[in-house]
>>> print(open('run02.pdb').read())   # PDB, C-alpha atoms
ATOM      1  CA  MET A 335      77.550 114.414  99.477  1.00  0.00           C
ATOM      2  CA  SER A 336      76.838 110.902  98.183  1.00  0.00           C
ATOM      3  CA  GLN A 337      79.188 108.063  99.064  1.00  0.00           C
ATOM      4  CA  ARG A 338      81.545 107.045  96.254  1.00  0.00           C
ATOM      5  CA  LEU A 339      83.609 103.931  95.693  1.00  0.00           C
ATOM      6  CA  TYR A 340      86.324 103.241  93.129  1.00  0.00           C
ATOM      7  CA  LEU A 341      86.057  99.925  91.290  1.00  0.00           C
ATOM      8  CA  ARG A 342      89.189  98.401  89.800  1.00  0.00           C
ATOM      9  CA  PRO A 343      89.059  97.551  86.074  1.00  0.00           C
ATOM     10  CA  GLU A 344      89.451  93.825  86.760  1.00  0.00           C
ATOM     11  CA  GLN A 345      86.277  93.905  88.872  1.00  0.00           C
ATOM     12  CA  MET A 346      84.189  95.206  85.976  1.00  0.00           C
ATOM     13  CA  THR A 347      83.153  91.864  84.482  1.00  0.00           C
ATOM     14  CA  SER A 348      79.370  92.227  84.865  1.00  0.00           C
ATOM     15  CA  SER A 349      76.727  94.431  86.474  1.00  0.00           C
ATOM     16  CA  ARG A 350      77.228  92.512  89.719  1.00  0.00           C
ATOM     17  CA  ILE A 351      80.505  93.492  91.378  1.00  0.00           C
ATOM     18  CA  GLU A 352      81.962  91.242  94.054  1.00  0.00           C
ATOM     19  CA  LEU A 353      83.565  93.344  96.773  1.00  0.00           C
ATOM     20  CA  ASP A 354      86.947  92.516  98.229  1.00  0.00           C
ATOM     21  CA  ARG A 355      87.559  92.519 101.976  1.00  0.00           C
ATOM     22  CA  ASP A 356      88.798  96.128 102.132  1.00  0.00           C
ATOM     23  CA  GLN A 357      85.880  97.454 100.083  1.00  0.00           C
ATOM     24  CA  LEU A 358      83.354  95.555 102.186  1.00  0.00           C
ATOM     25  CA  HIS A 359      84.955  96.843 105.386  1.00  0.00           C
ATOM     26  CA  TYR A 360      84.889 100.398 104.052  1.00  0.00           C
ATOM     27  CA  LEU A 361      81.218 100.300 103.101  1.00  0.00           C
ATOM     28  CA  SER A 362      79.875  98.366 106.077  1.00  0.00           C
ATOM     29  CA  ARG A 363      82.151  99.473 108.913  1.00  0.00           C
ATOM     30  CA  VAL A 364      83.546 102.894 107.915  1.00  0.00           C
ATOM     31  CA  LEU A 365      80.551 104.314 106.044  1.00  0.00           C
ATOM     32  CA  ARG A 366      78.128 102.101 108.018  1.00  0.00           C
ATOM     33  CA  LEU A 367      75.970 101.389 104.993  1.00  0.00           C
ATOM     34  CA  LYS A 368      73.204  98.850 105.337  1.00  0.00           C
ATOM     35  CA  SER A 369      72.241  96.270 102.743  1.00  0.00           C
ATOM     36  CA  ASN A 370      70.237  97.847  99.891  1.00  0.00           C
ATOM     37  CA  ALA A 371      71.843 101.260 100.471  1.00  0.00           C
ATOM     38  CA  ILE A 372      72.388 103.348  97.339  1.00  0.00           C
ATOM     39  CA  LEU A 373      75.810 104.779  96.496  1.00  0.00           C
ATOM     40  CA  THR A 374      77.817 105.870  93.480  1.00  0.00           C
ATOM     41  CA  CYS A 375      80.822 104.057  92.100  1.00  0.00           C
ATOM     42  CA  PHE A 376      83.243 104.783  89.284  1.00  0.00           C
ATOM     43  CA  ASN A 377      85.866 102.913  87.308  1.00  0.00           C
ATOM     44  CA  GLY A 378      88.541 105.629  87.187  1.00  0.00           C
ATOM     45  CA  GLN A 379      88.222 105.661  83.401  1.00  0.00           C
ATOM     46  CA  GLY A 380      85.375 108.100  82.924  1.00  0.00           C
ATOM     47  CA  ILE A 381      82.180 106.283  83.968  1.00  0.00           C
ATOM     48  CA  GLU A 382      80.132 106.596  87.147  1.00  0.00           C
ATOM     49  CA  TRP A 383      77.148 104.430  88.152  1.00  0.00           C
ATOM     50  CA  GLN A 384      74.432 104.372  90.713  1.00  0.00           C
ATOM     51  CA  ALA A 385      74.804 101.110  92.611  1.00  0.00           C
ATOM     52  CA  ARG A 386      73.015  99.155  95.295  1.00  0.00           C
ATOM     53  CA  PHE A 387      75.000  97.638  98.159  1.00  0.00           C
ATOM     54  CA  VAL A 388      74.056  94.024  98.928  1.00  0.00           C
ATOM     55  CA  GLN A 389      75.616  92.469 102.033  1.00  0.00           C
ATOM     56  CA  LEU A 390      75.043  88.758 102.519  1.00  0.00           C
ATOM     57  CA  ASP A 391      77.020  88.388 105.746  1.00  0.00           C
ATOM     58  CA  ALA A 392      79.990  89.910 107.576  1.00  0.00           C
ATOM     59  CA  ARG A 393      82.437  88.579 104.993  1.00  0.00           C
ATOM     60  CA  THR A 394      80.473  88.707 101.748  1.00  0.00           C
ATOM     61  CA  GLY A 395      79.027  91.618  99.814  1.00  0.00           C
ATOM     62  CA  SER A 396      78.511  92.952  96.328  1.00  0.00           C
ATOM     63  CA  LEU A 397      77.306  95.921  94.329  1.00  0.00           C
ATOM     64  CA  GLU A 398      74.531  95.853  91.752  1.00  0.00           C
ATOM     65  CA  LEU A 399      75.172  98.479  89.074  1.00  0.00           C
ATOM     66  CA  GLU A 400      71.810 100.066  88.288  1.00  0.00           C
ATOM     67  CA  ASN A 401      72.368 102.917  85.815  1.00  0.00           C
ATOM     68  CA  VAL A 402      75.051 105.203  84.450  1.00  0.00           C
ATOM     69  CA  LEU A 403      75.078 108.628  86.131  1.00  0.00           C
ATOM     70  CA  ARG A 404      77.954 110.313  84.310  1.00  0.00           C
ATOM     71  CA  GLU A 405      80.292 109.541  81.456  1.00  0.00           C
ATOM     72  CA  GLU A 406      83.222 111.663  80.295  1.00  0.00           C
ATOM     73  CA  PRO A 407      85.737 111.201  77.480  1.00  0.00           C
ATOM     74  CA  PRO A 408      89.430 111.592  78.359  1.00  0.00           C
ATOM     75  CA  THR A 409      90.592 115.205  78.522  1.00  0.00           C
ATOM     76  CA  HIS A 410      92.210 116.657  75.415  1.00  0.00           C
ATOM     77  CA  ALA A 411      94.518 118.675  77.660  1.00  0.00           C
ATOM     78  CA  PRO A 412      96.087 116.279  80.173  1.00  0.00           C
ATOM     79  CA  VAL A 413      98.338 117.826  82.805  1.00  0.00           C
ATOM     80  CA  THR A 414     101.328 115.788  83.932  1.00  0.00           C
ATOM     81  CA  LEU A 415     103.080 116.710  87.154  1.00  0.00           C
ATOM     82  CA  ALA A 416     106.725 115.631  86.916  1.00  0.00           C
ATOM     83  CA  ILE A 417     108.108 116.055  90.420  1.00  0.00           C
ATOM     84  CA  SER A 418     111.311 115.048  92.124  1.00  0.00           C
ATOM     85  CA  TRP A 419     110.791 112.463  94.847  1.00  0.00           C
ATOM     86  CA  LEU A 420     110.235 114.407  98.082  1.00  0.00           C
ATOM     87  CA  LYS A 421     111.089 113.061 101.502  1.00  0.00           C
ATOM     88  CA  GLY A 422     108.663 112.210 104.293  1.00  0.00           C
ATOM     89  CA  ALA A 423     104.968 112.956 104.038  1.00  0.00           C
ATOM     90  CA  ALA A 424     105.469 115.775 101.533  1.00  0.00           C
ATOM     91  CA  MET A 425     105.006 113.431  98.589  1.00  0.00           C
ATOM     92  CA  ASP A 426     101.759 112.081 100.058  1.00  0.00           C
ATOM     93  CA  THR A 427     100.465 115.646 100.265  1.00  0.00           C
ATOM     94  CA  VAL A 428     101.428 116.385  96.671  1.00  0.00           C
ATOM     95  CA  VAL A 429      99.710 113.242  95.375  1.00  0.00           C
ATOM     96  CA  GLN A 430      96.516 113.940  97.306  1.00  0.00           C
ATOM     97  CA  LYS A 431      96.190 117.630  96.528  1.00  0.00           C
ATOM     98  CA  SER A 432      97.298 117.405  92.897  1.00  0.00           C
ATOM     99  CA  THR A 433      94.641 114.724  92.373  1.00  0.00           C
ATOM    100  CA  GLU A 434      92.043 117.087  93.802  1.00  0.00           C
ATOM    101  CA  LEU A 435      93.313 119.770  91.409  1.00  0.00           C
ATOM    102  CA  GLY A 436      92.770 117.540  88.394  1.00  0.00           C
ATOM    103  CA  VAL A 437      96.227 116.310  87.419  1.00  0.00           C
ATOM    104  CA  SER A 438      96.101 113.506  84.836  1.00  0.00           C
ATOM    105  CA  ARG A 439      99.305 111.725  85.792  1.00  0.00           C
ATOM    106  CA  LEU A 440     102.149 112.147  88.218  1.00  0.00           C
ATOM    107  CA  GLN A 441     105.646 111.294  87.022  1.00  0.00           C
ATOM    108  CA  VAL A 442     108.182 110.757  89.809  1.00  0.00           C
ATOM    109  CA  LEU A 443     111.656 112.069  88.972  1.00  0.00           C
ATOM    110  CA  HIS A 444     115.187 111.239  90.049  1.00  0.00           C
ATOM    111  CA  SER A 445     117.002 114.572  90.163  1.00  0.00           C
ATOM    112  CA  GLU A 446     120.597 115.420  91.035  1.00  0.00           C
ATOM    113  CA  ARG A 447     119.801 117.231  94.278  1.00  0.00           C
ATOM    114  CA  SER A 448     117.132 114.877  95.542  1.00  0.00           C
ATOM    115  CA  ASN A 449     117.890 113.760  99.097  1.00  0.00           C
ATOM    116  CA  VAL A 450     115.825 110.556  98.983  1.00  0.00           C
ATOM    117  CA  THR A 451     117.624 107.220  98.837  1.00  0.00           C
ATOM    118  CA  VAL A 452     115.552 104.642  96.976  1.00  0.00           C
ATOM    119  CA  ASP A 453     115.716 100.972  96.085  1.00  0.00           C
ATOM    120  CA  ALA A 454     113.458  98.723  94.026  1.00  0.00           C
ATOM    121  CA  ARG A 455     111.445  97.402  96.962  1.00  0.00           C
ATOM    122  CA  ARG A 456     110.865 100.810  98.497  1.00  0.00           C
ATOM    123  CA  THR A 457     109.932 102.263  95.114  1.00  0.00           C
ATOM    124  CA  SER A 458     107.368  99.523  94.476  1.00  0.00           C
ATOM    125  CA  ASN A 459     105.804  99.979  97.929  1.00  0.00           C
ATOM    126  CA  LYS A 460     105.686 103.744  97.575  1.00  0.00           C
ATOM    127  CA  LEU A 461     104.083 103.616  94.141  1.00  0.00           C
ATOM    128  CA  ARG A 462     101.296 101.381  95.499  1.00  0.00           C
ATOM    129  CA  HIS A 463     100.882 103.701  98.481  1.00  0.00           C
ATOM    130  CA  TRP A 464     100.675 106.827  96.320  1.00  0.00           C
ATOM    131  CA  GLN A 465      98.280 105.174  93.884  1.00  0.00           C
ATOM    132  CA  GLN A 466      95.915 104.400  96.750  1.00  0.00           C
ATOM    133  CA  ILE A 467      96.128 108.025  97.910  1.00  0.00           C
ATOM    134  CA  ALA A 468      95.186 109.076  94.366  1.00  0.00           C
ATOM    135  CA  VAL A 469      92.219 106.677  94.432  1.00  0.00           C
ATOM    136  CA  SER A 470      90.978 108.036  97.775  1.00  0.00           C
ATOM    137  CA  ALA A 471      91.394 111.639  96.635  1.00  0.00           C
ATOM    138  CA  SER A 472      89.499 110.870  93.419  1.00  0.00           C
ATOM    139  CA  GLU A 473      86.643 109.346  95.422  1.00  0.00           C
ATOM    140  CA  GLN A 474      86.483 112.422  97.642  1.00  0.00           C
ATOM    141  CA  SER A 475      86.818 115.062  94.920  1.00  0.00           C
ATOM    142  CA  ASN A 476      84.143 113.673  92.590  1.00  0.00           C
ATOM    143  CA  ARG A 477      86.587 112.869  89.791  1.00  0.00           C
ATOM    144  CA  LEU A 478      85.815 110.250  87.149  1.00  0.00           C
ATOM    145  CA  TYR A 479      89.454 109.567  86.296  1.00  0.00           C
ATOM    146  CA  VAL A 480      92.164 108.412  88.695  1.00  0.00           C
ATOM    147  CA  PRO A 481      95.609 109.823  87.884  1.00  0.00           C
ATOM    148  CA  GLU A 482      98.354 107.327  87.159  1.00  0.00           C
ATOM    149  CA  ILE A 483     101.470 107.398  89.338  1.00  0.00           C
ATOM    150  CA  LEU A 484     104.466 106.575  87.135  1.00  0.00           C
ATOM    151  CA  PRO A 485     107.764 104.962  88.272  1.00  0.00           C
ATOM    152  CA  PRO A 486     110.782 107.254  88.728  1.00  0.00           C
ATOM    153  CA  ILE A 487     112.796 108.308  85.699  1.00  0.00           C
ATOM    154  CA  SER A 488     115.616 110.813  85.238  1.00  0.00           C
ATOM    155  CA  VAL A 489     115.131 114.366  84.021  1.00  0.00           C
ATOM    156  CA  SER A 490     116.934 113.491  80.782  1.00  0.00           C
ATOM    157  CA  GLU A 491     114.569 110.548  80.198  1.00  0.00           C
ATOM    158  CA  LEU A 492     111.571 112.804  80.759  1.00  0.00           C
ATOM    159  CA  LEU A 493     112.796 115.460  78.351  1.00  0.00           C
ATOM    160  CA  ALA A 494     113.484 112.840  75.686  1.00  0.00           C
ATOM    161  CA  SER A 495     109.920 111.506  75.857  1.00  0.00           C
ATOM    162  CA  SER A 496     107.901 114.703  75.809  1.00  0.00           C
ATOM    163  CA  GLY A 497     105.574 113.786  72.936  1.00  0.00           C
ATOM    164  CA  ASP A 498     103.218 116.656  72.097  1.00  0.00           C
ATOM    165  CA  SER A 499     103.041 117.982  75.658  1.00  0.00           C
ATOM    166  CA  ARG A 500     104.313 121.471  76.355  1.00  0.00           C
ATOM    167  CA  GLN A 501     106.931 121.282  79.133  1.00  0.00           C
ATOM    168  CA  VAL A 502     107.544 124.003  81.699  1.00  0.00           C
ATOM    169  CA  MET A 503     110.288 123.858  84.343  1.00  0.00           C
ATOM    170  CA  LEU A 504     109.348 125.699  87.540  1.00  0.00           C
ATOM    171  CA  ASP A 505     112.370 127.603  88.789  1.00  0.00           C
ATOM    172  CA  LEU A 506     113.464 130.794  90.512  1.00  0.00           C
ATOM    173  CA  ASP A 507     114.673 133.849  88.572  1.00  0.00           C
ATOM    174  CA  ALA A 508     112.383 133.232  85.610  1.00  0.00           C
ATOM    175  CA  ALA A 509     109.359 134.929  84.093  1.00  0.00           C
ATOM    176  CA  LEU A 510     106.003 134.328  85.756  1.00  0.00           C
ATOM    177  CA  LEU A 511     104.174 131.146  84.801  1.00  0.00           C
ATOM    178  CA  ASP A 512     101.764 131.848  81.938  1.00  0.00           C
ATOM    179  CA  VAL A 513     100.063 128.887  80.273  1.00  0.00           C
ATOM    180  CA  GLY A 514      97.560 130.899  78.268  1.00  0.00           C
ATOM    181  CA  ALA A 515      93.788 130.586  78.207  1.00  0.00           C
ATOM    182  CA  LEU A 516      93.585 127.661  75.768  1.00  0.00           C
ATOM    183  CA  PRO A 517      93.902 124.218  77.416  1.00  0.00           C
ATOM    184  CA  GLN A 518      96.609 122.025  75.903  1.00  0.00           C
ATOM    185  CA  PRO A 519      98.693 119.002  76.978  1.00  0.00           C
ATOM    186  CA  LEU A 520     101.082 120.285  79.627  1.00  0.00           C
ATOM    187  CA  THR A 521     103.905 118.893  81.758  1.00  0.00           C
ATOM    188  CA  LEU A 522     105.061 120.818  84.836  1.00  0.00           C
ATOM    189  CA  LEU A 523     108.572 119.974  86.089  1.00  0.00           C
ATOM    190  CA  ILE A 524     109.051 120.505  89.822  1.00  0.00           C
ATOM    191  CA  GLY A 525     112.494 120.227  91.409  1.00  0.00           C
ATOM    192  CA  PRO A 526     113.549 118.839  94.801  1.00  0.00           C
ATOM    193  CA  GLU A 527     113.974 120.752  98.054  1.00  0.00           C
ATOM    194  CA  GLY A 528     117.448 121.871  96.960  1.00  0.00           C
ATOM    195  CA  GLY A 529     116.281 123.099  93.556  1.00  0.00           C
ATOM    196  CA  TRP A 530     117.492 122.181  90.079  1.00  0.00           C
ATOM    197  CA  SER A 531     121.201 121.740  89.386  1.00  0.00           C
ATOM    198  CA  ASP A 532     122.955 123.884  86.777  1.00  0.00           C
ATOM    199  CA  SER A 533     123.328 120.848  84.529  1.00  0.00           C
ATOM    200  CA  GLU A 534     119.584 120.122  84.712  1.00  0.00           C
ATOM    201  CA  ARG A 535     118.814 123.716  83.801  1.00  0.00           C
ATOM    202  CA  GLN A 536     121.227 123.510  80.880  1.00  0.00           C
ATOM    203  CA  LEU A 537     119.694 120.229  79.774  1.00  0.00           C
ATOM    204  CA  ALA A 538     116.225 121.770  79.821  1.00  0.00           C
ATOM    205  CA  GLU A 539     117.468 124.767  77.864  1.00  0.00           C
ATOM    206  CA  SER A 540     119.043 122.491  75.240  1.00  0.00           C
ATOM    207  CA  HIS A 541     115.616 120.888  74.734  1.00  0.00           C
ATOM    208  CA  GLY A 542     113.932 124.271  74.391  1.00  0.00           C
ATOM    209  CA  ILE A 543     112.062 123.878  77.681  1.00  0.00           C
ATOM    210  CA  GLN A 544     110.540 127.055  79.072  1.00  0.00           C
ATOM    211  CA  ARG A 545     111.483 128.048  82.626  1.00  0.00           C
ATOM    212  CA  ALA A 546     108.871 129.829  84.721  1.00  0.00           C
ATOM    213  CA  SER A 547     108.449 131.029  88.290  1.00  0.00           C
ATOM    214  CA  LEU A 548     105.602 131.622  90.725  1.00  0.00           C
ATOM    215  CA  GLY A 549     106.820 135.032  91.824  1.00  0.00           C
ATOM    216  CA  GLU A 550     109.300 136.307  94.368  1.00  0.00           C
ATOM    217  CA  LEU A 551     108.299 134.097  97.296  1.00  0.00           C
ATOM    218  CA  THR A 552     110.346 130.963  97.955  1.00  0.00           C
ATOM    219  CA  LEU A 553     107.844 128.127  98.274  1.00  0.00           C
ATOM    220  CA  ARG A 554     108.377 124.715  99.787  1.00  0.00           C
ATOM    221  CA  ALA A 555     108.814 121.873  97.330  1.00  0.00           C
ATOM    222  CA  GLU A 556     105.376 120.442  98.179  1.00  0.00           C
ATOM    223  CA  THR A 557     103.695 123.864  97.857  1.00  0.00           C
ATOM    224  CA  THR A 558     105.091 124.732  94.426  1.00  0.00           C
ATOM    225  CA  PRO A 559     103.186 122.091  92.406  1.00  0.00           C
ATOM    226  CA  LEU A 560      99.881 122.915  94.056  1.00  0.00           C
ATOM    227  CA  VAL A 561     100.207 126.635  93.381  1.00  0.00           C
ATOM    228  CA  ALA A 562     101.288 125.913  89.803  1.00  0.00           C
ATOM    229  CA  LEU A 563      98.291 123.626  89.228  1.00  0.00           C
ATOM    230  CA  ALA A 564      95.952 126.262  90.658  1.00  0.00           C
ATOM    231  CA  VAL A 565      97.438 128.810  88.241  1.00  0.00           C
ATOM    232  CA  VAL A 566      96.862 126.416  85.339  1.00  0.00           C
ATOM    233  CA  ARG A 567      93.283 125.648  86.344  1.00  0.00           C
ATOM    234  CA  HIS A 568      92.460 129.323  86.844  1.00  0.00           C
ATOM    235  CA  SER A 569      93.983 130.235  83.468  1.00  0.00           C
ATOM    236  CA  TRP A 570      91.859 127.551  81.798  1.00  0.00           C
ATOM    237  CA  GLY A 571      88.666 128.536  83.536  1.00  0.00           C
ATOM    238  CA  TRP A 572      88.770 125.493  85.830  1.00  0.00           C
ATOM    239  CA  GLN A 573      87.977 123.190  82.938  1.00  0.00           C
ATOM    240  CA  HIS A 574      88.943 119.510  83.130  1.00  0.00           C
TER
END
>>> encode(input="run02.pdb", output="structure tokens")
Amino acid sequence: MSQRLYLRPEQMTSSRIELDRDQLHYLSRVLRLKSNAILTCFNGQGIEWQARFVQLDARTGSLELENVLREEPPTHAPVTLAISWLKGAAMDTVVQKSTELGVSRLQVLHSERSNVTVDARRTSNKLRHWQQIAVSASEQSNRLYVPEILPPISVSELLASSGDSRQVMLDLDAALLDVGALPQPLTLLIGPEGGWSDSERQLAESHGIQRASLGELTLRAETTPLVALAVVRHSWGWQH
């Protein structure tokens, strides 16, 4: 597998990309690439290049973009994972694996039964942390787009801003998840460890939101979104 590196949009000012300290460390110390080594890089917005690594010294290096390898338009059927903030490392797992499964964006939710206490500083730090996990997972999984991690909003705010995306609330005691064979914009709502409250279910019902289950087994909160995304991808023939 070829080595891949994500390039931030603000770095894309010319065909010569100046590497920051972390990128240089990753290429020279972690991947142990030598100057003039060939690798692939991508901008997270649908374009991938072949590039040549040029290291001037221990603190200075750059990439020379040589030619475009792949280019993809944005998907016409983006999948948004709207998930209640999970405690501990569970959220890290969801971000990583959902990125590998092709999610377009991840919307963090405040829900009534969430057992995570948050403040502005912690939220900001966590969003940066999760975004970096998404970047790393995109590099590893050969994606051209990096999913966006969106700041927490309430369930009511999410339902009021649905746009043209079909919304499905994953829940127990509902019909099996069936998204059909035709890809379309889709939002999957995943509750916290304690499940959705009655008022959240009623709110979803008042907005005409479909409830769906993944069968009789009770899955952990971090397992549910990954199974649901696998169901979606399988139903759509594993298309992007």
>>> atom_distance(input="run02.pdb", atom1="atom CA of Ile381 of chain A", atom2="atom CA of Gln466 of chain A")
18.9 Å
>>> residues_near_point(input="run02.pdb", point="(101.1, 111.9, 70.5)", cutoff="12 Å", atoms="only C-alpha atoms", output="list in words")
His410, Ala411, Pro412, Ser495, Ser496, Gly497, Asp498, Ser499, Arg500 and Pro519 of chain A
>>> closest_residue(input="run02.pdb", among="A:Ser448, A:Gln389, A:Ser533, A:Ser438", to="Ser490 of chain A", atoms="all atoms listed in the file")
A:Ser533
>>> closest_residue(input="run02.pdb", among="A:Glu382, A:Glu344, A:Asp354, A:Asp426", to="Gly395 of chain A", atoms="only C-alpha atoms")
A:Asp354
>>> residues_near_point(input="run02.pdb", point="(112.8, 118.6, 103.1)", cutoff="10 Å", atoms="only C-alpha atoms", output="PyMOL selection string")
chain A and resi 420-424+448-450+526-528+554-556
>>> residues_around(input="run02.pdb", residues="Pro408 of chain A", least_positions_apart="2", cutoff="8 Å", atoms="all atoms listed in the file", output="count of residues only")
4
>>> atom_distance(input="run02.pdb", atom1="atom CA of Arg404 of chain A", atom2="atom CA of Ser569 of chain A")
25.6 Å
>>> residues_around(input="run02.pdb", residues="Glu539 of chain A", least_positions_apart="5", cutoff="12 Å", atoms="only C-alpha atoms", output="MDAnalysis selection string")
chainID A and resid 490 493 501:503 532:534 544:545
>>> resolve_selection(input="run02.pdb", expression="the PyMOL selection byres ((chain A and resi 460-462) around 10)", output="count of residues only")
21
>>> residues_around(input="run02.pdb", residues="Trp572 of chain A", least_positions_apart="4", cutoff="12 Å", atoms="only C-alpha atoms", output="NGL selection string")
:A and (435-437 or 515-517 or 563-568)
